[in-house]
$ cat final.cif   # mmCIF, C-alpha atoms and all ligand atoms
data_run
loop_
_atom_site.label_atom_id
_atom_site.label_comp_id
_atom_site.auth_asym_id
_atom_site.auth_seq_id
_atom_site.Cartn_x
_atom_site.Cartn_y
_atom_site.Cartn_z
CA MET E 1 15.31 263.26 -64.21
CA THR E 2 14.59 263.98 -60.55
CA GLY E 3 15.26 261.58 -57.70
CA THR E 4 11.52 261.02 -57.40
CA THR E 5 11.18 260.09 -61.06
CA ALA E 6 14.11 257.72 -60.79
CA HIS E 7 12.38 255.98 -57.88
CA ALA E 8 9.08 255.93 -59.73
CA THR E 9 10.59 254.19 -62.77
CA GLY E 10 12.29 251.63 -60.53
CA THR E 11 15.70 252.44 -61.99
CA THR E 12 17.23 253.76 -58.79
CA LEU E 13 20.97 253.87 -58.54
CA ARG E 14 22.33 254.45 -55.07
CA VAL E 15 25.45 256.57 -54.80
CA ALA E 16 27.79 257.03 -51.82
CA VAL E 17 30.87 259.23 -51.62
CA ILE E 18 33.71 258.88 -49.11
CA GLY E 19 35.58 262.15 -48.59
CA ALA E 20 33.64 265.40 -48.23
CA GLY E 21 36.42 267.73 -49.34
CA SER E 22 35.99 269.95 -52.35
CA TRP E 23 36.05 267.28 -55.06
CA GLY E 24 34.10 264.58 -53.21
CA THR E 25 31.39 267.15 -52.47
CA ALA E 26 31.30 268.39 -56.08
CA LEU E 27 30.92 264.83 -57.43
CA ALA E 28 28.22 264.16 -54.83
CA CYS E 29 26.39 267.27 -56.12
CA LEU E 30 26.36 265.81 -59.65
CA ALA E 31 24.99 262.46 -58.45
CA ALA E 32 22.46 264.00 -56.05
CA ARG E 33 20.70 265.81 -58.91
CA THR E 34 19.22 262.43 -59.85
CA TRP E 35 20.04 259.66 -57.39
CA PRO E 36 19.81 259.07 -53.63
CA THR E 37 23.30 260.18 -52.58
CA LEU E 38 25.03 259.99 -49.18
CA ILE E 39 28.45 261.49 -48.49
CA HIS E 40 30.81 260.52 -45.66
CA ALA E 41 32.71 263.29 -43.87
CA ARG E 42 35.24 262.84 -41.08
CA ARG E 43 34.25 266.11 -39.36
CA ASP E 44 30.92 266.57 -37.61
CA ASP E 45 30.74 270.26 -38.60
CA VAL E 46 30.93 269.23 -42.28
CA VAL E 47 28.11 266.69 -41.79
CA ARG E 48 26.00 269.29 -39.97
CA ASN E 49 26.59 271.94 -42.63
CA ILE E 50 25.62 269.61 -45.47
CA ARG E 51 22.52 268.21 -43.71
CA GLN E 52 21.17 271.41 -42.17
CA ASP E 53 22.42 274.24 -44.40
CA HIS E 54 23.00 272.42 -47.71
CA ALA E 55 26.47 273.91 -47.79
CA ASN E 56 30.09 272.91 -47.21
CA PRO E 57 31.69 276.25 -46.32
CA ARG E 58 34.97 274.66 -45.24
CA TYR E 59 35.66 273.32 -48.75
CA LEU E 60 33.23 275.07 -51.10
CA PRO E 61 32.44 278.45 -49.51
CA GLY E 62 29.45 280.35 -50.85
CA ILE E 63 28.03 277.44 -52.88
CA SER E 64 24.57 275.93 -52.32
CA LEU E 65 24.43 272.13 -52.45
CA PRO E 66 21.44 270.09 -53.68
CA THR E 67 18.89 269.62 -50.91
CA GLY E 68 18.75 265.88 -51.72
CA LEU E 69 22.39 265.38 -50.73
CA ASP E 70 22.65 263.70 -47.32
CA ALA E 71 25.77 263.35 -45.15
CA THR E 72 27.00 261.10 -42.37
CA GLN E 73 30.01 260.48 -40.15
CA SER E 74 29.20 256.76 -39.95
CA PHE E 75 30.57 254.17 -42.36
CA ASP E 76 27.74 251.83 -41.33
CA ASP E 77 25.30 254.38 -42.78
CA ILE E 78 27.27 254.34 -46.03
CA PHE E 79 27.08 250.53 -46.25
CA SER E 80 23.33 250.49 -45.41
CA HIS E 81 22.74 253.12 -48.09
CA LEU E 82 24.61 251.07 -50.70
CA ALA E 83 22.85 247.82 -49.74
CA HIS E 84 19.33 249.28 -49.60
CA ASP E 85 16.67 247.72 -51.87
CA ALA E 86 19.29 245.60 -53.69
CA ALA E 87 19.56 248.48 -56.18
CA PRO E 88 22.74 248.83 -58.23
CA SER E 89 25.14 251.09 -56.38
CA LEU E 90 28.26 253.14 -56.87
CA LEU E 91 30.85 254.16 -54.28
CA ILE E 92 32.99 257.19 -55.17
CA LEU E 93 36.28 257.76 -53.31
CA GLY E 94 36.90 261.49 -52.93
CA VAL E 95 39.91 261.21 -50.62
CA PRO E 96 43.50 262.12 -51.60
CA VAL E 97 45.85 259.35 -52.78
CA ALA E 98 47.29 259.17 -49.24
CA GLY E 99 43.86 258.16 -47.93
CA MET E 100 43.35 255.31 -50.41
CA PRO E 101 45.18 252.39 -48.71
CA ASP E 102 43.39 252.65 -45.36
CA THR E 103 40.01 253.44 -46.87
CA LEU E 104 40.22 250.53 -49.32
CA ALA E 105 41.48 248.13 -46.66
CA MET E 106 38.40 248.95 -44.57
CA LEU E 107 36.13 248.47 -47.61
CA ALA E 108 37.77 245.13 -48.50
CA GLN E 109 37.08 243.84 -45.02
CA VAL E 110 33.41 244.83 -45.10
CA PHE E 111 32.71 243.78 -48.69
CA SER E 112 34.25 240.32 -48.19
CA ASP E 113 31.02 239.44 -46.32
CA TRP E 114 28.73 240.71 -49.10
CA ASP E 115 27.06 238.66 -51.79
CA PRO E 116 29.37 239.12 -54.85
CA ASP E 117 26.33 239.98 -57.01
CA ARG E 118 25.40 242.86 -54.68
CA LEU E 119 28.76 244.62 -54.49
CA PRO E 120 28.85 248.29 -55.48
CA GLY E 121 31.16 249.55 -58.22
CA ILE E 122 34.05 251.63 -56.87
CA VAL E 123 35.44 254.65 -58.67
CA TRP E 124 38.24 256.82 -57.27
CA SER E 125 38.82 260.45 -58.15
CA CYS E 126 42.29 261.10 -56.73
CA LYS E 127 45.23 262.13 -58.89
CA GLY E 128 48.79 261.15 -58.05
CA PHE E 129 51.27 258.41 -57.18
CA ASP E 130 51.46 257.21 -53.59
CA ALA E 131 54.39 258.93 -51.96
CA GLU E 132 55.77 255.83 -50.27
CA HIS E 133 55.75 253.20 -53.03
CA GLY E 134 55.18 255.22 -56.22
CA ARG E 135 52.02 253.28 -57.05
CA LEU E 136 49.27 254.62 -59.28
CA PRO E 137 45.78 254.61 -57.69
CA HIS E 138 44.69 251.44 -59.52
CA GLU E 139 47.77 249.64 -58.19
CA ILE E 140 46.87 250.71 -54.65
CA ALA E 141 43.30 249.48 -55.27
CA ASP E 142 44.39 246.17 -56.79
CA ALA E 143 46.59 245.47 -53.76
CA ALA E 144 43.96 246.46 -51.20
CA LEU E 145 41.11 244.65 -53.00
CA ALA E 146 43.12 241.55 -53.93
CA THR E 147 40.54 239.28 -52.27
CA LEU E 148 37.73 240.86 -54.32
CA PRO E 149 38.92 240.51 -57.93
CA HIS E 150 35.32 240.57 -59.22
CA LEU E 151 34.55 243.99 -57.66
CA PRO E 152 34.18 246.46 -60.57
CA ARG E 153 36.57 249.40 -60.18
CA GLY E 154 37.95 252.37 -62.08
CA VAL E 155 39.01 255.99 -62.07
CA ILE E 156 37.17 259.25 -62.84
CA SER E 157 39.35 262.14 -64.01
CA GLY E 158 39.51 265.12 -66.37
CA PRO E 159 39.73 268.93 -66.31
CA SER E 160 37.43 269.77 -63.43
CA PHE E 161 37.83 272.39 -60.75
CA ALA E 162 35.49 271.39 -57.92
CA LYS E 163 34.16 274.90 -57.43
CA GLU E 164 32.93 275.20 -61.04
CA VAL E 165 31.36 271.72 -61.00
CA ALA E 166 29.54 272.45 -57.73
CA GLN E 167 28.25 275.69 -59.27
CA GLY E 168 26.71 273.68 -62.13
CA LEU E 169 29.07 275.04 -64.79
CA PRO E 170 29.92 272.80 -67.80
CA VAL E 171 32.45 270.01 -67.34
CA ALA E 172 33.63 266.93 -69.26
CA LEU E 173 35.05 263.94 -67.41
CA THR E 174 36.42 260.52 -68.32
CA VAL E 175 35.73 257.29 -66.46
CA ALA E 176 38.32 254.63 -67.18
CA SER E 177 37.86 250.99 -66.27
CA SER E 178 38.21 247.53 -67.78
CA SER E 179 34.65 246.95 -66.55
CA ALA E 180 31.89 248.06 -68.94
CA THR E 181 29.47 247.79 -66.00
CA LEU E 182 31.49 250.26 -63.95
CA ARG E 183 31.81 252.67 -66.88
CA ALA E 184 28.06 252.54 -67.50
CA ARG E 185 27.19 252.93 -63.82
CA THR E 186 29.50 255.92 -63.35
CA THR E 187 28.10 257.55 -66.47
CA GLN E 188 24.56 256.91 -65.20
CA ALA E 189 25.50 258.51 -61.87
CA LEU E 190 27.21 261.66 -63.12
CA HIS E 191 26.33 262.36 -66.77
CA GLY E 192 23.59 264.87 -67.53
CA GLY E 193 22.81 268.57 -67.59
CA MET E 194 26.08 270.44 -67.93
CA ALA E 195 28.21 267.36 -67.11
CA ARG E 196 29.40 264.98 -69.83
CA VAL E 197 31.08 261.69 -68.97
CA TYR E 198 33.17 259.84 -71.56
CA GLY E 199 34.33 256.23 -71.21
CA SER E 200 37.83 254.80 -71.63
CA GLU E 201 39.55 251.50 -70.97
CA ASP E 202 42.95 253.11 -70.48
CA VAL E 203 43.21 253.26 -66.69
CA ILE E 204 47.01 253.69 -66.73
CA GLY E 205 46.93 256.57 -69.22
CA VAL E 206 44.15 258.38 -67.38
CA GLU E 207 45.96 258.03 -64.04
CA VAL E 208 49.40 259.06 -65.35
CA GLY E 209 47.85 262.18 -66.94
CA GLY E 210 46.10 263.12 -63.69
CA ALA E 211 49.26 262.61 -61.62
CA LEU E 212 51.80 264.39 -63.82
CA LYS E 213 49.63 267.38 -64.74
CA ASN E 214 49.79 268.40 -61.07
CA VAL E 215 53.60 268.45 -61.19
CA MET E 216 53.48 270.43 -64.46
CA ALA E 217 51.05 272.90 -62.86
CA ILE E 218 53.63 273.53 -60.13
CA ALA E 219 56.28 274.08 -62.82
CA SER E 220 53.99 276.43 -64.75
CA GLY E 221 53.21 278.34 -61.55
CA ILE E 222 56.93 278.69 -60.79
CA GLY E 223 57.44 280.17 -64.28
CA ASP E 224 54.61 282.63 -63.71
CA GLY E 225 55.88 283.47 -60.23
CA LEU E 226 59.22 284.32 -61.85
CA GLU E 227 57.35 286.34 -64.54
CA LEU E 228 58.91 284.32 -67.37
CA GLY E 229 56.05 285.14 -69.75
CA THR E 230 53.45 283.25 -71.75
CA ASN E 231 55.91 281.76 -74.27
CA ALA E 232 57.54 279.95 -71.36
CA ARG E 233 54.17 278.70 -70.14
CA ALA E 234 53.26 277.29 -73.58
CA ALA E 235 56.67 275.61 -73.89
CA LEU E 236 56.27 274.12 -70.43
CA ILE E 237 52.80 272.74 -71.20
CA THR E 238 53.96 271.21 -74.49
CA ARG E 239 57.12 269.62 -73.11
CA GLY E 240 55.16 268.62 -70.00
CA LEU E 241 52.75 266.75 -72.26
CA ALA E 242 55.72 264.97 -73.88
CA GLU E 243 57.03 264.06 -70.43
CA MET E 244 53.64 262.75 -69.30
CA THR E 245 53.19 260.75 -72.51
CA ARG E 246 56.69 259.25 -72.28
CA LEU E 247 56.10 257.99 -68.75
CA GLY E 248 52.60 256.79 -69.59
CA LEU E 249 53.76 254.77 -72.59
CA ALA E 250 56.54 253.19 -70.54
CA LEU E 251 53.95 252.11 -67.95
CA GLY E 252 51.57 250.66 -70.56
CA ALA E 253 49.23 253.55 -71.44
CA ARG E 254 47.73 254.23 -74.87
CA PRO E 255 49.21 257.25 -76.69
CA ASP E 256 45.88 258.84 -77.71
CA THR E 257 44.77 259.15 -74.08
CA PHE E 258 47.27 261.99 -73.62
CA ALA E 259 45.56 264.10 -76.30
CA GLY E 260 42.27 263.71 -74.40
CA LEU E 261 40.50 265.23 -71.40
CA THR E 262 42.66 263.54 -68.77
CA GLY E 263 45.94 264.41 -70.51
CA LEU E 264 46.17 267.65 -72.46
CA GLY E 265 42.76 268.81 -71.18
CA ASP E 266 43.63 268.63 -67.50
CA LEU E 267 47.20 269.81 -68.13
CA VAL E 268 46.01 273.01 -69.82
CA LEU E 269 43.39 273.64 -67.13
CA THR E 270 45.69 273.11 -64.19
CA ALA E 271 48.77 274.80 -65.65
CA THR E 272 46.80 277.95 -66.54
CA GLY E 273 43.74 278.09 -64.25
CA GLU E 274 43.87 280.34 -61.23
CA LEU E 275 41.77 277.87 -59.21
CA SER E 276 44.56 275.25 -59.29
CA ARG E 277 46.16 274.73 -55.90
CA ASN E 278 49.21 273.09 -57.51
CA ARG E 279 49.67 276.11 -59.75
CA GLN E 280 49.28 278.43 -56.75
CA VAL E 281 51.99 276.49 -54.90
CA GLY E 282 54.31 277.04 -57.89
CA ILE E 283 53.51 280.76 -58.16
CA ARG E 284 54.30 281.31 -54.49
CA ILE E 285 57.54 279.27 -54.75
CA GLY E 286 58.51 281.37 -57.78
CA GLN E 287 57.82 284.51 -55.74
CA GLY E 288 60.23 283.31 -53.07
CA GLN E 289 58.00 281.77 -50.38
CA SER E 290 59.02 278.52 -48.67
CA LEU E 291 57.17 275.27 -49.30
CA ASP E 292 56.52 274.79 -45.57
CA SER E 293 54.85 278.19 -45.24
CA ILE E 294 52.74 277.56 -48.35
CA LEU E 295 51.48 274.18 -47.13
CA ALA E 296 51.01 275.30 -43.50
CA ASP E 297 47.23 275.55 -43.90
CA GLY E 298 46.97 271.85 -44.89
CA MET E 299 46.12 272.54 -48.53
CA THR E 300 45.83 269.45 -50.76
CA ALA E 301 48.47 269.81 -53.51
CA GLU E 302 48.96 266.30 -54.88
CA GLY E 303 51.80 267.41 -57.18
CA VAL E 304 53.98 268.15 -54.15
CA ARG E 305 53.17 264.78 -52.61
CA CYS E 306 53.78 262.71 -55.72
CA ALA E 307 56.62 264.44 -57.66
CA ARG E 308 59.38 262.33 -56.09
CA ALA E 309 57.33 259.14 -56.48
CA ALA E 310 56.82 259.93 -60.17
CA LEU E 311 60.59 260.26 -60.57
CA LEU E 312 61.18 256.91 -58.86
CA ARG E 313 58.70 255.22 -61.21
CA ALA E 314 60.26 256.93 -64.21
CA ARG E 315 63.80 255.92 -63.25
CA ALA E 316 62.70 252.31 -62.73
CA ALA E 317 61.15 252.41 -66.22
CA GLY E 318 64.26 254.03 -67.76
CA VAL E 319 62.40 257.26 -68.58
CA GLU E 320 63.77 260.80 -68.21
CA LEU E 321 61.49 263.48 -66.71
CA PRO E 322 63.57 266.69 -66.77
CA ILE E 323 60.76 269.06 -65.74
CA THR E 324 59.69 266.81 -62.87
CA GLU E 325 63.34 266.54 -61.79
CA ALA E 326 63.66 270.32 -61.80
CA VAL E 327 60.46 270.69 -59.73
CA CYS E 328 61.80 268.15 -57.19
CA ARG E 329 65.14 269.98 -56.88
CA VAL E 330 63.31 273.26 -56.20
CA LEU E 331 60.74 271.79 -53.79
CA PHE E 332 63.00 269.45 -51.82
CA ASP E 333 66.70 270.15 -52.46
CA GLY E 334 66.86 273.91 -52.01
CA GLU E 335 67.68 274.76 -55.65
CA SER E 336 66.52 278.24 -56.58
CA PRO E 337 63.70 278.42 -59.15
CA ARG E 338 65.92 280.55 -61.44
CA ASP E 339 68.74 277.99 -61.35
CA ALA E 340 66.27 275.21 -62.14
CA VAL E 341 64.98 277.11 -65.18
CA ALA E 342 68.57 277.80 -66.31
CA ALA E 343 69.40 274.10 -65.99
CA LEU E 344 66.42 273.16 -68.17
CA PHE E 345 67.56 275.61 -70.85
CA ALA E 346 71.17 274.36 -70.63
CA ARG E 347 70.12 270.90 -71.80
CA GLU E 348 71.54 270.04 -75.21
CA ALA E 349 69.54 270.91 -78.34
CA ARG E 350 67.58 268.02 -79.79
CA THR E 351 64.93 267.01 -82.32
CA GLU E 352 61.40 267.75 -81.14
CA SER E 353 59.86 264.40 -80.28
CA LEU E 354 58.68 262.51 -77.26
CA ASN E 355 62.32 261.81 -76.35
N1 LIG Z 1 39.50 269.90 -55.93
C1 LIG Z 1 39.44 269.64 -57.22
O1 LIG Z 1 39.10 270.53 -58.02
C2 LIG Z 1 39.80 268.28 -57.74
C3 LIG Z 1 40.50 267.36 -56.96
N2 LIG Z 1 40.80 266.15 -57.48
C4 LIG Z 1 41.53 265.15 -56.68
O2 LIG Z 1 40.66 264.70 -55.65
C5 LIG Z 1 41.42 264.29 -54.51
C6 LIG Z 1 40.86 264.97 -53.29
O3 LIG Z 1 41.10 266.36 -53.45
P1 LIG Z 1 40.19 267.48 -52.84
O4 LIG Z 1 38.79 267.05 -52.62
O5 LIG Z 1 40.41 268.67 -53.66
O6 LIG Z 1 40.92 267.67 -51.43
P2 LIG Z 1 40.36 268.40 -50.15
O7 LIG Z 1 41.55 268.77 -49.35
O8 LIG Z 1 39.39 269.45 -50.53
O9 LIG Z 1 39.54 267.25 -49.38
C7 LIG Z 1 40.13 266.05 -49.02
C8 LIG Z 1 39.09 265.21 -48.24
O10 LIG Z 1 39.68 263.93 -47.92
C9 LIG Z 1 39.74 263.78 -46.51
N3 LIG Z 1 41.04 263.18 -46.22
C10 LIG Z 1 42.24 263.79 -46.24
N4 LIG Z 1 43.20 262.91 -45.95
C11 LIG Z 1 42.59 261.72 -45.73
C12 LIG Z 1 43.03 260.43 -45.37
N5 LIG Z 1 44.34 260.18 -45.19
N6 LIG Z 1 42.11 259.45 -45.24
C13 LIG Z 1 40.81 259.70 -45.45
N7 LIG Z 1 40.32 260.91 -45.79
C14 LIG Z 1 41.20 261.90 -45.93
C15 LIG Z 1 39.60 265.17 -45.91
O11 LIG Z 1 39.00 265.09 -44.62
C16 LIG Z 1 38.69 265.83 -46.92
O12 LIG Z 1 37.35 265.48 -46.68
C17 LIG Z 1 42.89 264.68 -54.82
O13 LIG Z 1 43.60 263.53 -55.25
C18 LIG Z 1 42.76 265.69 -55.95
O14 LIG Z 1 43.88 265.67 -56.82
C19 LIG Z 1 40.42 265.77 -58.72
C20 LIG Z 1 39.72 266.64 -59.52
C21 LIG Z 1 39.38 267.97 -59.10
O1 LIG Z 2 42.59 268.32 -60.63
C1 LIG Z 2 42.18 269.45 -60.66
C2 LIG Z 2 41.48 270.00 -61.82
O2 LIG Z 2 41.21 269.02 -62.78
C3 LIG Z 2 42.38 270.33 -59.48
O3 LIG Z 2 43.67 270.85 -59.54
P1 LIG Z 2 44.41 271.32 -58.20
O4 LIG Z 2 44.51 270.09 -57.33
O5 LIG Z 2 45.74 271.83 -58.66
O6 LIG Z 2 43.55 272.39 -57.59
#

$ encode --input "final.cif" --output "structure tokens" --more "lines below"
Ligand SMILES: NC(=O)C1=CN([C@@H]2O[C@H](COP(=O)(O)OP(=O)(O)OC[C@H]3O[C@@H](n4cnc5c(N)ncnc54)[C@H](O)[C@@H]3O)[C@@H](O)[C@H]2O)C=CC1
Ligand SMILES: O=C(CO)COP(=O)(O)O
Amino acid sequence: MTGTTAHATGTTLRVAVIGAGSWGTALACLAARTWPTLIHARRDDVVRNIRQDHANPRYLPGISLPTGLDATQSFDDIFSHLAHDAAPSLLILGVPVAGMPDTLAMLAQVFSDWDPDRLPGIVWSCKGFDAEHGRLPHEIADAALATLPHLPRGVISGPSFAKEVAQGLPVALTVASSSATLRARTTQALHGGMARVYGSEDVIGVEVGGALKNVMAIASGIGDGLELGTNARAALITRGLAEMTRLGLALGARPDTFAGLTGLGDLVLTATGELSRNRQVGIRIGQGQSLDSILADGMTAEGVRCARAALLRARAAGVELPITEAVCRVLFDGESPRDAVAALFAREARTESLN
């Protein structure tokens, strides 16, 4: 369906995206195939590039964006876009976890003046725990939106490199929410063509998978940087899945979520795919570079930001995360990657299980 057809049938959904980095822009591309879509960027060059050149060379070099995708630096424009025509609307957050508290606090203030029946649904796409308090994204959202309990909210996740999605290559995603309205609206916004969107009610499981797979991708990269071989990578992925599942179950997730797109699917993609920034961080650490030099260009690598927070949550829940602990010792305590691998192998033999 084209945007024009959607208008003609009176079934318009209005979509806005906050965060015009690589993933926010890629999700905006999916929505803009069908629906009036406006993306908010903090930088004026990004707005200009999207509006005039239908490109976002800073984050997605060499990729053409849909001509229907519009951009703005003004939050007022975003709110006018969402409120227009009283059409149902969806707001996608494409910022990193660190940007969630401030962004949501601003939204809570504005939406408190809106008619409750006209509020947009909100879906966030970030993957991680917040570094300061160890909260999952839905916990950040619940705190920031405490005065708006009726506002439908959820998370979109799954194995999805932004570059491939923006190029129109196939992708399967999961939207998780307790709200059937939000699940349906997100599916309406993004499903179609080469993009499939599945629904889930397991917000905790989907978020724990998205957060821990980034840490496992760093671990997998370290192994590859050390040239430990493909057996090591497969072992790491499998035991990483056990680690992710163990933490998820302790926090209230459903076990089958971890066999799905947002668990095993995203873990395999990120731990093996060359486009993963977390994996690239690990490879360079394994090759002997320092974390500071690797992150000097401001790259978003959520696994670095959230590994310690994941450990804090796990300890509070009485759960052991040996791979995450090893990654933290290498990233933050100066342990050499080889010593960390040796320490993992020195653990006592045990039955293969989640424990
Ligand atoms: N790039 C990808 O392939 C995918 C990324 N994600 C997740 O999406 C989230 C965003 O990642 P990317 O788009 O890749 O990052 P990015 O670095 O490409 O873009 C981040 C965007 O957020 C903005 N931003 C950064 N810090 C902010 C803050 N404190 N407040 C408000 N805005 C802020 C930046 O200006 C930029 O527009 C991350 O949590 C990442 O794990 C999820 C799926 C795929
Ligand atoms: O989440 C992603 C793919 O699903 C992107 O992974 P990186 O953040 O490691 O690039």

$ atom_distance --input "final.cif" --atom1 "atom CA of E:Trp114" --atom2 "atom CA of E:Val175"
25.0 Å

$ residues_around --input "final.cif" --residues "stretch 45-60 of chain E" --least-positions-apart "3" --cutoff "7 Å" --atoms "all atoms listed in the file" --output "PyMOL selection string"
chain E and resi 21-22+41+63-67+70-73+163

$ atom_distance --input "final.cif" --atom1 "atom CA of E:Ala235" --atom2 "atom CA of E:Gly221"
13.1 Å

$ atom_distance --input "final.cif" --atom1 "atom CA of E:Ala310" --atom2 "atom CA of E:Leu145"
23.1 Å

$ closest_residue --input "final.cif" --among "E:Gly205, E:Pro88, E:Pro36, E:Pro96" --to "E:Thr186" --atoms "all atoms listed in the file"
E:Pro88

$ residues_near_point --input "final.cif" --point "(30.9, 249.9, -61.6)" --cutoff "10 Å" --atoms "all atoms listed in the file" --output "list in words"
Pro88, Ser89, Leu90, Leu91, Ile92, Leu119, Pro120, Gly121, Ile122, Val123, Leu151, Pro152, Arg153, Gly154, Ser177, Ser178, Ser179, Ala180, Thr181, Leu182, Arg183, Ala184, Arg185, Thr186 and Thr187 of chain E

$ residues_around --input "final.cif" --residues "E:Ser276" --least-positions-apart "5" --cutoff "9 Å" --atoms "only C-alpha atoms" --output "PyMOL selection string"
chain E and resi 161+214+217+269-271+281+301
